[in-house]
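To start, the structure itself, in structure tokens.
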Protein chains: 4
Amino acid sequence: MEPTAPNSSGGHHAAAADATGPTDTTVTLPPLTLRDVPRLPAALASPSPAVQNPISSHPYFHPPTTFYISPGDVSLRHAFFDLASAAPSPLVAYRRAGPRRDIAVDPARASAALVTCGGLCPGLNTVLRELVVGLQELYGVRDVFGVAAGYRGFYGGDEDHVRLDPAAVDDWHKKGGTVLKTTRGGFDLGKIVDGIVARGYTQVYAIGGDGTMRGAVAIFQEFKRRGLDISITGIPKTVDNDIGIIDRSFGFQTAVEIAQQAIDAAHVEAVSAVNGVGLVKLMGRSTGHIALHATLSSRDVDCCLIPEVDFYLEGKGGLFEFLYERIKKKGHAVIVVAEGAGQELIPRTDDQKREQDESGNIVFLDVGPWLKSELGRWWKKEHPDELFTVKYIDPTYMIRAVPANATDNLYCTLLAHSAIHGVMAGFTGFVPGPINGTYSYIPLEDVAVAKNPVDVNDHKWAWVRSVTNQPDFLISQA
Amino acid sequence: MEPTAPNSSGGHHAAAADATGPTDTTVTLPPLTLRDVPRLPAALASPSPAVQNPISSHPYFHPPTTFYISPGDVSLRHAFFDLASAAPSPLVAYRRAGPRRDIAVDPARASAALVTCGGLCPGLNTVLRELVVGLQELYGVRDVFGVAAGYRGFYGGDEDHVRLDPAAVDDWHKKGGTVLKTTRGGFDLGKIVDGIVARGYTQVYAIGGDGTMRGAVAIFQEFKRRGLDISITGIPKTVDNDIGIIDRSFGFQTAVEIAQQAIDAAHVEAVSAVNGVGLVKLMGRSTGHIALHATLSSRDVDCCLIPEVDFYLEGKGGLFEFLYERIKKKGHAVIVVAEGAGQELIPRTDDQKREQDESGNIVFLDVGPWLKSELGRWWKKEHPDELFTVKYIDPTYMIRAVPANATDNLYCTLLAHSAIHGVMAGFTGFVPGPINGTYSYIPLEDVAVAKNPVDVNDHKWAWVRSVTNQPDFLISQA
Amino acid sequence: MEPTAPNSSGGHHAAAADATGPTDTTVTLPPLTLRDVPRLPAALASPSPAVQNPISSHPYFHPPTTFYISPGDVSLRHAFFDLASAAPSPLVAYRRAGPRRDIAVDPARASAALVTCGGLCPGLNTVLRELVVGLQELYGVRDVFGVAAGYRGFYGGDEDHVRLDPAAVDDWHKKGGTVLKTTRGGFDLGKIVDGIVARGYTQVYAIGGDGTMRGAVAIFQEFKRRGLDISITGIPKTVDNDIGIIDRSFGFQTAVEIAQQAIDAAHVEAVSAVNGVGLVKLMGRSTGHIALHATLSSRDVDCCLIPEVDFYLEGKGGLFEFLYERIKKKGHAVIVVAEGAGQELIPRTDDQKREQDESGNIVFLDVGPWLKSELGRWWKKEHPDELFTVKYIDPTYMIRAVPANATDNLYCTLLAHSAIHGVMAGFTGFVPGPINGTYSYIPLEDVAVAKNPVDVNDHKWAWVRSVTNQPDFLISQA
Amino acid sequence: MEPTAPNSSGGHHAAAADATGPTDTTVTLPPLTLRDVPRLPAALASPSPAVQNPISSHPYFHPPTTFYISPGDVSLRHAFFDLASAAPSPLVAYRRAGPRRDIAVDPARASAALVTCGGLCPGLNTVLRELVVGLQELYGVRDVFGVAAGYRGFYGGDEDHVRLDPAAVDDWHKKGGTVLKTTRGGFDLGKIVDGIVARGYTQVYAIGGDGTMRGAVAIFQEFKRRGLDISITGIPKTVDNDIGIIDRSFGFQTAVEIAQQAIDAAHVEAVSAVNGVGLVKLMGRSTGHIALHATLSSRDVDCCLIPEVDFYLEGKGGLFEFLYERIKKKGHAVIVVAEGAGQELIPRTDDQKREQDESGNIVFLDVGPWLKSELGRWWKKEHPDELFTVKYIDPTYMIRAVPANATDNLYCTLLAHSAIHGVMAGFTGFVPGPINGTYSYIPLEDVAVAKNPVDVNDHKWAWVRSVTNQPDFLISQA
């Protein structure tokens with residue numbers, strides 16, 4: 001939900017009347033630049049074919065004037081500043097998301113296509129449901145289709161284009177996965193755009209990961225090149241939260257919630273054994289957000305390993321020494337490791353060195369079993385007379401194949417409605433998403449290249465340290 | 001978790017190179033005023049007795065320079081602006097929360113008291129746990145006490161002052177309620193401050209609702225009047241989310257999550273009956289946030305009634321007519337009603353008119369059974385030959401007496417650590433909390449009077465309308 | 001699941017070779033009487049029109065000879081005996097449920113009607129789903145209909161008769177409630193049987209409470225009177241477990257499971273207050289099984305009140321004295337009260353004395369609010385200077401409107417398949433259900449009158465006593 | 001809970017008065033042999049030193065005469081018979097569990113030791129808790145100790161012998177794992193019995209798997225050889241339910257419940273992909289009970305593979321052909337495989353052929369990854385142009401490291417109390433457990449050798465077939 005707008009009820013005084021504190025101080029901010037999103041050719045035409053928003057004639061609801069977003073409403077990318085040093089200049093702002101009084105698209109002539117690509121993520125079906133419900137119930141768009149099996153569905157047969165309506169999607173938000181099936185790959189730009197044109201779609205909503213967002217950029221540019229009045233909106237789906245600019249990705253909080261079950265099980269196994277270690281691998285190839293949040297939520301974790309932080313196993317200041325000390329002190333230890341952590345430590349066969357995934361990246365090795373095996377080997381060598389147990393848990397699909405929780409369901413609802421309002425206002429090539437709590441529109445191109453690593457120099461990572469009291473593996477580098 | 005700080009990875013261009021969109025525009029913002037928080041006399045003394053933060057000599061963790069919050073770091077209260085009209089002037093900022101390189105309090109001489117007041121809320125025990133763990137493990141504060149049974153515990157016996165340490169609180173975050181017991185009332189300012197002084201406490205953390213915050217303001221002022229070097233920090237506890245300025249209150253998301261179970265049950269009862277109605281009463285005396293969020297998350301709700309919106313039962317455009325139409329269309333209906341909704345519609349006996357609660361407010365009547373009874377009466381009168389069933393669910397304590405979910409556990413952790421960092425920096429009379437995602441320090445006085453009603457003129461309330469398609473009960477006033 | 005059949009793997013010796021124990025002893029049992037179930041006229045005809053069970057020609061599965069139930073297979077009603085005294089004579093046995101090699105009903109000419117009546121119960125939809133799937137996939141019965149809205153649906157319009165198939169019911173077992181709607185009342189024997197005949201149904205499956213079972217007996221007798229070859233099977237639905245002969249009713253274990261949430265909340269509220277009491281009302285008008293099982297599972301309950309045990313509030317040995325002592329000792333107390341407990345203690349208005357429900361019974365008063373109010377009144381009178389809090393939870397619909405858990409889903413599956421096998425074998429007027437773990441067929445007439453009170457003279461009730469250490473309220477009678 | 005004792009309320013008539021059914025028939029049963037359990041030397045002494053059960057002088061509870069189990073009470077091992085053929089002769093009975101009016105052990109001189117061995121199982125902590133609470137609160141046994149770290153704890157130091165009381169174990173039933181730590185191995189009979197004698201234990205309660213039960217038999221025999229008045233009771237712990245004679249093992253229903261989450265995730269992954277397969281490995285090395293029950297509860301499973309049934313992968317009638325057909329028909333498939341299934345199909349390296357576990361058995365290979373890999377390889381070879389996805393889930397520790405659900409908590413409570421009553425009555429060398437619903441005492445020796453395979457010739461396995469419509473892999477053998 002969007003935060004409360006600033007209002008006068010906060011009762012803040014003009015000056016701090018408090019003798020024990022400093023008086024309020026006033027400074028000047030740098031200028032603000034709006035990073036705008038593109039518009040459809042028709043929306044740019046002059047005179048613009050503005051249409052009254054059909055919500056204004058809703059049978060039940062009488063929108064007050066404040067209901068609509070003002071054309072000048074923007075959100076600020078920067079939420080905090082250092083008054084003592086120069087603020088980033090210029091400050092960047094994005095268009096605020098929401099319904100406009102006048103829209104640029106005629107609902108009667110609109111035809112929307114929804115597509116899901118890549119791996120599963122809690123909330124996928126909620127986004128689909130809300131796109132269908134919002135388009136039909138708010139704007140009266142009759143033609144809404146689900147495109148099955150990812151981008152390749154655009155050039156597939158009729159069976160890949162399923163007409164959807166509110167009755168058909170009624171309980172989708174209670175289902176994990178995606179009712180529209182999803183696939184990877186199959187991105188053939190020409191065929192896709194030809195398919196979109198052939199079927200008369202005027203709005204495309206693409207839900208997927210970073211590859212899908214880059215594909216959406218290409219489609220957007222091809223639309224522009226061909227001068228088509230078709231909008232494309234990207235809705236980033238990454239359970240890992242590895243997407244930049246927006247506050248967080250949908251499904252992420254559900255994943256963190258369910259990850260607690262795996263950590264709980266690892267903790268129980270560890271405390272129930274003599275010198276027991278519980279080891280949990282969580283999703284996160286390039287970023288450790290799930291591992292970090294799950295660790296902070298759980299408080300049972302003794303060490304959290306993420307891709308953003310190097311570590312080493314043996315020797316002074318290493319992981320194994322730390323674990324041994326912790327076990328001697330507490331009797332057990334729990335480790336959370338993100339998928340992408342320690343990739344450079346795991347020995348690769350020549351085959352593995354050559355192997356590349358579809359995107360040309362070196363393949364990921366499975367850090368979990370490797371770590372379990374190395375730890376067992378080390379213990380046997382260093383402490384052969386002491387009992388030892390390590391239990392390894394890999395809960396991947398049990399975390400991502402669940403329905404969204406309430407928080408994510410609401411988030412997906414607002415995302416989908418934000419997307420629709422933007423499209424109806426004539427925007428294209430954009431991504432909807434919350435920025436410091438305000439739903440905004442961001443150029444697709446920016447989101448497609450934005451990363452979101454855990455900032456280990458910020459004090460965020462320090463929370464984990466203070467929670468786990470784990471080493472930062474800097475000693476060997478000293 | 002705090003949002004990612006603005007970074008260059010977003011790759012935003014200097015100008016929108018896109019022919020189909022407008023170029024980026026630049027504007028000037030109004031000046032910014034820092035709304036500062038008070039400091040302890042000792043922190044204001046000159047020269048200030050600054051002490052190196054003990055985190056800098058942490059045995060495992062080597063904080064980088066970026067770990068500490070700069071003294072000039074502030075967060076902005078306003079997250080969005082209308083470029084077309086004058087922005088609020090001046091803009092308001094608050095101090096950013098987090099650890100400081102130099103602190104103003106000597107941990108070896110600190111003695112902290114934690115107290116919980118008022119009703120239960122998911123996360124209470126997590127806040128307590130993290131205050132204990134953070135004070136001892138980060139700052140080395142040895143003397144941490146839990147004060148039992150609310151404010152009255154300050155002038156209670158020794159059994160009301162329980163020494164706490166990390167081992168004692170280890171699993172508190174997995175428990176609902178408050179291990180320190182809580183009570184209402186018992187606020188006797190003189191006795192409380194005398195008790196604090198007598199026991200040598202130098203830090204007080206008060207966790208409670210708006211009454212507790214007002215009490216904390218009084219204690220703060222009494223500390224100041226007496227010239228005491230004792231800090232007081234308020235941590236607002238309101239499962240209803242009816243506190244202003246901060247983004248949301250802790251426990252709120254857990255409550256919304258659990259409320260889904262009640263709505264699910266009401267929905268099942270409604271759809272399994274002929275002309276079935278499920279009616280759920282949710283917490284929220286002055287604000288409808290839980291009802292609103294639970295409705296948006298659930299999507300099974302046909303009508304959501306909150307204190308901020310008037311409604312009427314009978315006649316054209318009234319609730320009962322709407323429900324009848326909805327039942328005729330769908331076969332059933334689900335209603336969510338916040339505790340505080342419709343208070344002026346419920347007939348009061350003379351006794352009830354005279355009765356007042358401890359704060360002098362008129363007593364609340366129970367809207368749930370009244371609405372159930374009125375609906376049944378109306379149906380019998382208007383549609384005597386049609387089957388009808390209404391099932392009423394009041395899940396109150398089942399929602400608030402649960403452990404915090406992962407999201408709220410993390411939130412409570414950051415709240416508690418923010419509080420500690422502020423206190424150690426020498427601040428007092430403040431509340432920690434996220435503002436547009438940035439943890440900040442806000443003067444207690446401001447929070448104590450800030451309300452957080454659902455803004456029904458904003459488009460937030462409109463989300464509910466578009467979700468439920470419910471009337472806004474304006475017809476009769478037209 | 002049925003228990004393992006006796007097999008030789010137990011390895012029990014012919015005699016106890018143990019010098020420290022007595023040798024095995026051998027006794028003679030009384031004779032055994034089979035309490036048989038009725039058969040359809042066609043099944044009794046001579047020569048019986050036996051048909052080979054279509055399972056024998058299943059495309060995938062090749063049933064071994066041991067797959068089919070022998071015509072002589074029976075289950076024993078008595079699971080334990082006192083060797084020292086005369087066993088009940090004769091012992092009673094029932095026909096064992098399961099598939100028969102030869103069946104008496106031609107699947108091609110069968111037409112089944114399923115109906116649900118009365119209140120909701122976890123597992124209702126699973127029973128329906130399995131009846132549909134079993135009839136079609138095992139026996140090839142094409143015509144299966146759901147009758148909407150209870151018994152009255154039989155004489156309703158076409159919209160009350162919905163054709164069902166496995167695809168339509170695929171996910172019903174994951175839904176609470178009943179997809180076929182349910183109602184109470186509407187039992188008009190003539191109309192119902194006329195409707196059954198008019199629509200050509202040859203099998204009726206009636207799922208409902210004791211009223212429904214009595215209705216099914218009447219329908220069975222009317223079928224017999226008219227000489228119809230239509231079978232009727234009753235599947236008892238009572239979340240309270242107040243049905244006799246069978247081991248337990250479906251949905252009961254799910255209800256006990258969910259009741260833990262209410263007790264947990266009550267416990268948290270109680271321990272978080274000074275002198276706190278948590279009070280939970282659970283379903284159970286005539287029997288206290290849910291209260292008893294929930295108490296034994298939870299272990300947080302200090303007192304469990306059920307309809308089978310009288311109690312009194314004030315005075316020596318009374319409930320309030322006990323609670324006060326418990327609170328003084330532990331600081332809090334939790335009470336579980338079954339709906340039907342204490343009815344004779346609650347004062348009735350003249351209206352309430354006159355009022356009767358549809359079955360002519362005196363109306364139930366709500367024991368929960370009454371007990372809460374009496375306790376508060378007593379405390380204020382007896383201990384005016386001591387803090388006191390009582391929190392009352394009534395979770396009724398949140399317990400019964402949930403999907404069945406795994407145990408109940410499996411149970412409902414076996415129940416439904418047992419019912420089908422019996423009907424196809426030519427039985428009618430029967431109820432399927434487990435007796436000491438063996439699924440059996442029991443005459444409808446017997447089940448319709450069988451009660452299942454908690455036996456408070458048995459040691460079962462004593463388990464609760466030893467768990468709660470609560471008084472048995474016998475002192476005042478001594 | 002024990003089933004209701006036969007009572008007259010069932011209202012069964014002397015004869016079936018029903019013209020459409022056969023009359024009741026009466027037969028004679030074979031003789032019944034009691035398979036008794038051993039007693040302590042002191043209990044066999046003459047005159048027996050009988051003591052009044054202290055429950056009779058309970059401060060709150062006044063046990064009626066029916067509360068105590070009669071010395072002649074027995075339970076019947078056979079729950080069903082074939083009247084048409086000779087029943088097993090003689091029938092076998094066991095002593096019924098429960099409190100005795102006279103006991104043979106003096107509580108004041110008793111000292112109990114509790115030990116847990118082997119892997120985790122839901123309910124372990126509940127059994128421990130109830131042993132402590134029952135011994136102290138019912139019988140007044142003061143000296144109760146937990147022996148840490150399995151059998152080896154008996155000859156460990158003082159730190160391995162922890163005094164327990166009701167306050168210490170109060171919330172153990174809400175925790176997964178075992179608070180007493182558990183280990184494997186370390187069975188040294190002489191040292192163990194010496195340790196027991198040295199510490200003066202008079203009662204040993206050993207909770208563990210089949211190895212633990214065999215160890216308990218050895219301890220029992222050594223007690224007897226030495227003529228010691230020390231009782232030993234075995235409580236079988238096997239989440240796999242692979243123990244014979246008793247109805248089921250504790251924790252099993254919880255495991256089946258949690259396994260649903262893994263199957264749900266696999267189902268979601270499968271349906272969300274084009275030609276998707278979800279593969280779940282569940283516990284069960286020698287028996288497929290968890291796989292079987294989880295399949296019957298879930299209904300989303302297309303094929304269930306268990307150790308008791310051979311299968312083959314390729315060729316006509318093989319698993320892969322079946323899966324391909326199912327995917328063509330439904331679009332996806334879900335497989336559940338028990339750990340022990342297909343062991344003879346997995347190729348073994350020479351090392352693996354030589355390797356043996358501690359008990360001398362050949363090591364288990366991991367069927368899950370092998371099956372996943374074989375299926376992928378086969379699809380690529382046979383259907384190279386069709387998309388295909390298989391997702392593999394191994395939830396092992398997430399299933400067994402959870403707290404017991406309500407049903408298992410109650411079961412563990414009754415088990416523990418049954419054990420105590422038996423020990424106090426002077427029995428030794430026994431196992432408590434439900435037989436056809438009646439809690440009974442069974443000689444340890446019998447349980448230690450009893451297996452509990454899924455009987456695939458019974459119609460139990462056929463339920464799975466009828467649910468999944470899977471092949472029985474007999475074609476190739478035809």
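Starting from 1 in every chain, residues are counted up; chains themselves are A, B, ... following the order of the structure tokens, and ligands are numbered from 1 as listed.
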
What are the closest atom pairs, with distances in Å to one decimal, for each residue of chain A lying within 8 Å of chain D, using only C-alpha atoms, rows by chain and rising residue number, as CSV?
residue,atom,partner,partner_atom,distance
A:Leu120,CA,D:Glu269,CA,7.5
A:Ala149,CA,D:Val274,CA,6.7
A:Gly176,CA,D:Val268,CA,6.1
A:Gly177,CA,D:Val268,CA,5.4
A:Thr178,CA,D:Ser272,CA,5.3
A:Val179,CA,D:Ser272,CA,6.2
A:Leu180,CA,D:Ser272,CA,6.9
A:Lys181,CA,D:Ser272,CA,4.5
A:Thr182,CA,D:Ala273,CA,5.5
A:Thr183,CA,D:Ala273,CA,6.4
A:Gln261,CA,D:Met398,CA,7.2
A:Ala262,CA,D:Met398,CA,6.1
A:Ala265,CA,D:Ala401,CA,5.1
A:Ala266,CA,D:Tyr397,CA,7.4
A:Val268,CA,D:Gly177,CA,5.4
A:Glu269,CA,D:Ala401,CA,6.3
A:Val271,CA,D:Lys181,CA,7.2
A:Ser272,CA,D:Lys181,CA,4.5
A:Ala273,CA,D:Lys181,CA,5.1
A:Val274,CA,D:Lys181,CA,6.3
A:Lys391,CA,D:Tyr397,CA,7.8
A:Ile393,CA,D:Tyr397,CA,6.8
A:Asp394,CA,D:Asp394,CA,7.4
A:Pro395,CA,D:Pro395,CA,6.8
A:Thr396,CA,D:Ile393,CA,7.9
A:Tyr397,CA,D:Ala265,CA,6.2
A:Met398,CA,D:Ala265,CA,5.3
A:Ala401,CA,D:Ala265,CA,5.1
A:Val402,CA,D:Ala265,CA,6.6

Legend entry - Selection near Gly422 of chain D, 8 Å with only C-alpha atoms, sequence-local residues under 3 positions removed, as a VMD selection string: chain D and resid 97 to 99 418 to 419 425 to 428 441

Legend entry - Who sits within 9 Å of Leu415 of chain A, only C-alpha atoms, same chain under 3 positions skipped, as an MDAnalysis selection string: chainID A and resid 127 130 235 250 410:412 418:420 432:434 439

Export N, CA and C atoms of the chosen residues as a PDB file, in the first residue's frame?
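Everything below was put into selection_0.pdb:
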ATOM      1  N   VAL A 127      -0.854 -11.372 -10.313  1.00  0.00           N
ATOM      2  CA  VAL A 127      -0.649 -10.316 -11.294  1.00  0.00           C
ATOM      3  C   VAL A 127      -1.544 -10.556 -12.513  1.00  0.00           C
ATOM      4  N   GLU A 130      -5.230  -9.841 -11.672  1.00  0.00           N
ATOM      5  CA  GLU A 130      -5.574  -8.433 -11.508  1.00  0.00           C
ATOM      6  C   GLU A 130      -5.500  -7.681 -12.828  1.00  0.00           C
ATOM      7  N   ILE A 235       6.731  -6.318 -16.273  1.00  0.00           N
ATOM      8  CA  ILE A 235       6.536  -6.482 -14.824  1.00  0.00           C
ATOM      9  C   ILE A 235       7.608  -7.446 -14.347  1.00  0.00           C
ATOM     10  N   PHE A 250       8.043  -8.648  -6.500  1.00  0.00           N
ATOM     11  CA  PHE A 250       6.907  -9.371  -5.903  1.00  0.00           C
ATOM     12  C   PHE A 250       7.295 -10.833  -5.649  1.00  0.00           C
ATOM     13  N   LEU A 410      -1.355  -8.253  -2.123  1.00  0.00           N
ATOM     14  CA  LEU A 410      -1.718  -6.845  -2.224  1.00  0.00           C
ATOM     15  C   LEU A 410      -0.729  -6.120  -3.150  1.00  0.00           C
ATOM     16  N   TYR A 411       0.537  -6.437  -3.005  1.00  0.00           N
ATOM     17  CA  TYR A 411       1.548  -5.807  -3.843  1.00  0.00           C
ATOM     18  C   TYR A 411       1.290  -6.120  -5.324  1.00  0.00           C
ATOM     19  N   CYS A 412       1.026  -7.385  -5.618  1.00  0.00           N
ATOM     20  CA  CYS A 412       0.767  -7.764  -7.010  1.00  0.00           C
ATOM     21  C   CYS A 412      -0.470  -7.062  -7.551  1.00  0.00           C
ATOM     22  N   SER A 418      -1.457  -0.524 -11.375  1.00  0.00           N
ATOM     23  CA  SER A 418      -0.572   0.559 -11.807  1.00  0.00           C
ATOM     24  C   SER A 418      -0.235   0.403 -13.290  1.00  0.00           C
ATOM     25  N   ALA A 419       0.060  -0.836 -13.678  1.00  0.00           N
ATOM     26  CA  ALA A 419       0.400  -1.092 -15.075  1.00  0.00           C
ATOM     27  C   ALA A 419      -0.748  -0.680 -15.996  1.00  0.00           C
ATOM     28  N   ILE A 420      -1.946  -1.098 -15.627  1.00  0.00           N
ATOM     29  CA  ILE A 420      -3.109  -0.798 -16.469  1.00  0.00           C
ATOM     30  C   ILE A 420      -3.325   0.705 -16.583  1.00  0.00           C
ATOM     31  N   PRO A 432       6.034  -0.671 -13.975  1.00  0.00           N
ATOM     32  CA  PRO A 432       5.452  -0.070 -12.766  1.00  0.00           C
ATOM     33  C   PRO A 432       6.144  -0.646 -11.536  1.00  0.00           C
ATOM     34  N   GLY A 433       6.256   0.149 -10.509  1.00  0.00           N
ATOM     35  CA  GLY A 433       6.861  -0.386  -9.286  1.00  0.00           C
ATOM     36  C   GLY A 433       6.975   0.684  -8.217  1.00  0.00           C
ATOM     37  N   PRO A 434       7.070   0.231  -6.958  1.00  0.00           N
ATOM     38  CA  PRO A 434       7.165   1.185  -5.850  1.00  0.00           C
ATOM     39  C   PRO A 434       8.599   1.716  -5.696  1.00  0.00           C
ATOM     40  N   TYR A 439       4.158   4.117  -5.811  1.00  0.00           N
ATOM     41  CA  TYR A 439       4.100   3.411  -7.088  1.00  0.00           C
ATOM     42  C   TYR A 439       4.383   4.395  -8.214  1.00  0.00           C
TER      43      TYR A 439
END

Inset, instruction - List every residue of segment 50-283 of chain A that DSSP, applied to the backbone of this structure, assigns to helix (DSSP H, G or I), and report them as an MDAnalysis selection string. - result: chainID A and resid 54:57 65:67 107:109 124:138 151:155 158:160 172:174 189:198 210:226 252:271

Inset, instruction - Find the residue from C:His421, C:Arg326, C:Lys237, C:His62 that sits nearest to Thr212 of chain C; use only C-alpha atoms when measuring. - result: C:Lys237

Legend entry - Counting only C-alpha atoms, the option among A:Leu444, A:Leu474, A:Ile246, A:Leu319 closest to Ala216 of chain A: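 Nearest candidate to Ala216 of chain A out of A:Leu444, A:Leu474, A:Ile246, A:Leu319: A:Leu444.
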